[in-house]
Amino acid sequence: MAIQEGPDQQGRDRGIPGGAAAPGGVPAGDKPRAAVVRDALGVGVAVGLSGFAFGVTAAGSGVSTLQACVLSLLVFTGASQFALVGALAAGGNPFTAAAGAFFLGTRNAFYGLRLSQLLALPKGVRPLAAHWVIDETTAVALAQPDRKSARLGFTVTGLSLYVLWNLTTLLGALGAEAIGDTRAWGLDAAGPAVFLALLAPMLKTGTERAVAALALVLGLGLLPVLPAGVPVLIAALAAPIVLWMKGRRA
């Protein structure tokens, strides 16, 4: 006699704890592949085009075209790249600027812990996939109702974003001279604006909003008095400070 699978077992087969259904009562796993690809391409193309702003900003900061392209190829995390060239443009020490960019990029390690469970990729593929673990690929993957869709969303977002980001970095660096002063066009703010747009919807609890607000106050408040690149390092203390205060209150 055949044994029917319950919702919990079906959910585990799809990589979803408890067999949860997608919003709107649609069973998990029923999202069409075309919809996943459309959403992933939308994110990849929209954010990938901001690589143009990075290329222009990098050139305006004294970074060569080759250096800007190598950063996009090997680092491939926009917030850290903008932080690095921004600190250099402000006259910061290269080591301090690199340290700030590094610590800003450590968030991707925490993304990787979650995605390793969700995607469950073969061991041989994981080192390559790790290079694409960034804000956008994580957001698209986590938004999917099942493991198969998450893998597809992660792959399409990562591939489209990586190709476009590197291509537009090159074009931006080459065309920087024709554009002129990047600050006059506001392109130096494009990277932070994209990062904030991705971050804002994720601040759902009071603790998360308090951390973001304190980090903003520390970063902007210390900017006039500390060397470039140092305020972002101190802003990272916002999380432990808020958690410590919350623990004392509890």
# chains A, B, ... in the order shown; residues from 1 in each chain; ligands from 1
$ residues_around --residues "Leu74 in chain A" --least-positions-apart "2" --cutoff "12 Å" --atoms "only C-alpha atoms" --output "list in words"
Gln67, Ala68, Cys69, Val70, Leu71, Ser72, Phe76, Thr77, Gly78, Ser80, Gln81, Leu128, Ala130, His131, Trp132, Tyr162, Trp165 and Asn166 of chain A
$ atom_distance --atom1 "CA of Val36 in chain A" --atom2 "CA of Arg209 in chain A"
29.6 Å
$ residues_around --residues "Thr169 in chain A" --least-positions-apart "4" --cutoff "7 Å" --atoms "only C-alpha atoms" --output "JSON, numbers by chain"
{"A": [51, 52, 54, 55, 69, 165, 173]}
$ closest_residue --among "A:Phe103, A:Arg33, A:Ala97, A:Ile241" --to "Lys148 in chain A" --atoms "only C-alpha atoms"
A:Arg33
$ residues_around --residues "Gly42 in chain A" --least-positions-apart "3" --cutoff "12 Å" --atoms "only C-alpha atoms" --output "list of chain:residue names"
A:Ala35, A:Val36, A:Val37, A:Arg38, A:Asp39, A:Val45, A:Ala46, A:Val47, A:Gly48, A:Leu49, A:Glu136, A:Thr137, A:Val140, A:Gly153, A:Val156, A:Thr157, A:Gly158, A:Ser160, A:Leu161
$ write_last_selection --atoms "N, CA and C atoms" --output "compact mmCIF listing (two decimals), in the first residue's frame"
# COMPACT_ATOMS: atom_id res chain seq x y z
N ALA A 35 8.89 33.13 -13.88
CA ALA A 35 8.73 34.21 -12.91
C ALA A 35 10.00 34.39 -12.10
N VAL A 36 10.66 33.29 -11.75
CA VAL A 36 11.91 33.37 -11.00
C VAL A 36 12.98 34.06 -11.84
N VAL A 37 13.09 33.66 -13.11
CA VAL A 37 14.08 34.26 -14.00
C VAL A 37 13.80 35.74 -14.21
N ARG A 38 12.53 36.09 -14.36
CA ARG A 38 12.16 37.50 -14.56
C ARG A 38 12.56 38.34 -13.35
N ASP A 39 12.24 37.86 -12.17
CA ASP A 39 12.58 38.61 -10.96
C ASP A 39 14.09 38.72 -10.79
N VAL A 45 19.92 43.23 -13.56
CA VAL A 45 20.11 44.32 -14.52
C VAL A 45 20.07 45.67 -13.80
N ALA A 46 19.11 45.86 -12.91
CA ALA A 46 18.97 47.15 -12.23
C ALA A 46 20.21 47.50 -11.42
N VAL A 47 20.71 46.53 -10.65
CA VAL A 47 21.87 46.80 -9.81
C VAL A 47 23.16 46.74 -10.63
N GLY A 48 23.20 45.87 -11.63
CA GLY A 48 24.41 45.75 -12.45
C GLY A 48 24.76 47.04 -13.16
N LEU A 49 23.76 47.81 -13.55
CA LEU A 49 24.02 49.07 -14.24
C LEU A 49 24.70 50.10 -13.34
N GLU A 136 22.21 41.11 -3.18
CA GLU A 136 21.16 40.90 -4.17
C GLU A 136 20.86 39.42 -4.38
N THR A 137 21.89 38.60 -4.52
CA THR A 137 21.65 37.16 -4.74
C THR A 137 21.01 36.53 -3.51
N VAL A 140 17.21 37.55 -3.46
CA VAL A 140 16.40 36.82 -4.45
C VAL A 140 16.25 35.36 -4.04
N GLY A 153 17.10 31.30 -8.91
CA GLY A 153 17.16 32.74 -8.66
C GLY A 153 18.56 33.21 -8.31
N VAL A 156 20.79 33.01 -11.68
CA VAL A 156 20.47 34.02 -12.69
C VAL A 156 20.85 35.42 -12.18
N THR A 157 20.55 35.69 -10.92
CA THR A 157 20.91 36.99 -10.35
C THR A 157 22.42 37.17 -10.35
N GLY A 158 23.14 36.15 -9.86
CA GLY A 158 24.59 36.24 -9.78
C GLY A 158 25.24 36.40 -11.14
N SER A 160 23.89 37.44 -14.15
CA SER A 160 23.55 38.70 -14.82
C SER A 160 24.21 39.89 -14.14
N LEU A 161 24.23 39.88 -12.82
CA LEU A 161 24.83 40.98 -12.08
C LEU A 161 26.34 41.01 -12.24
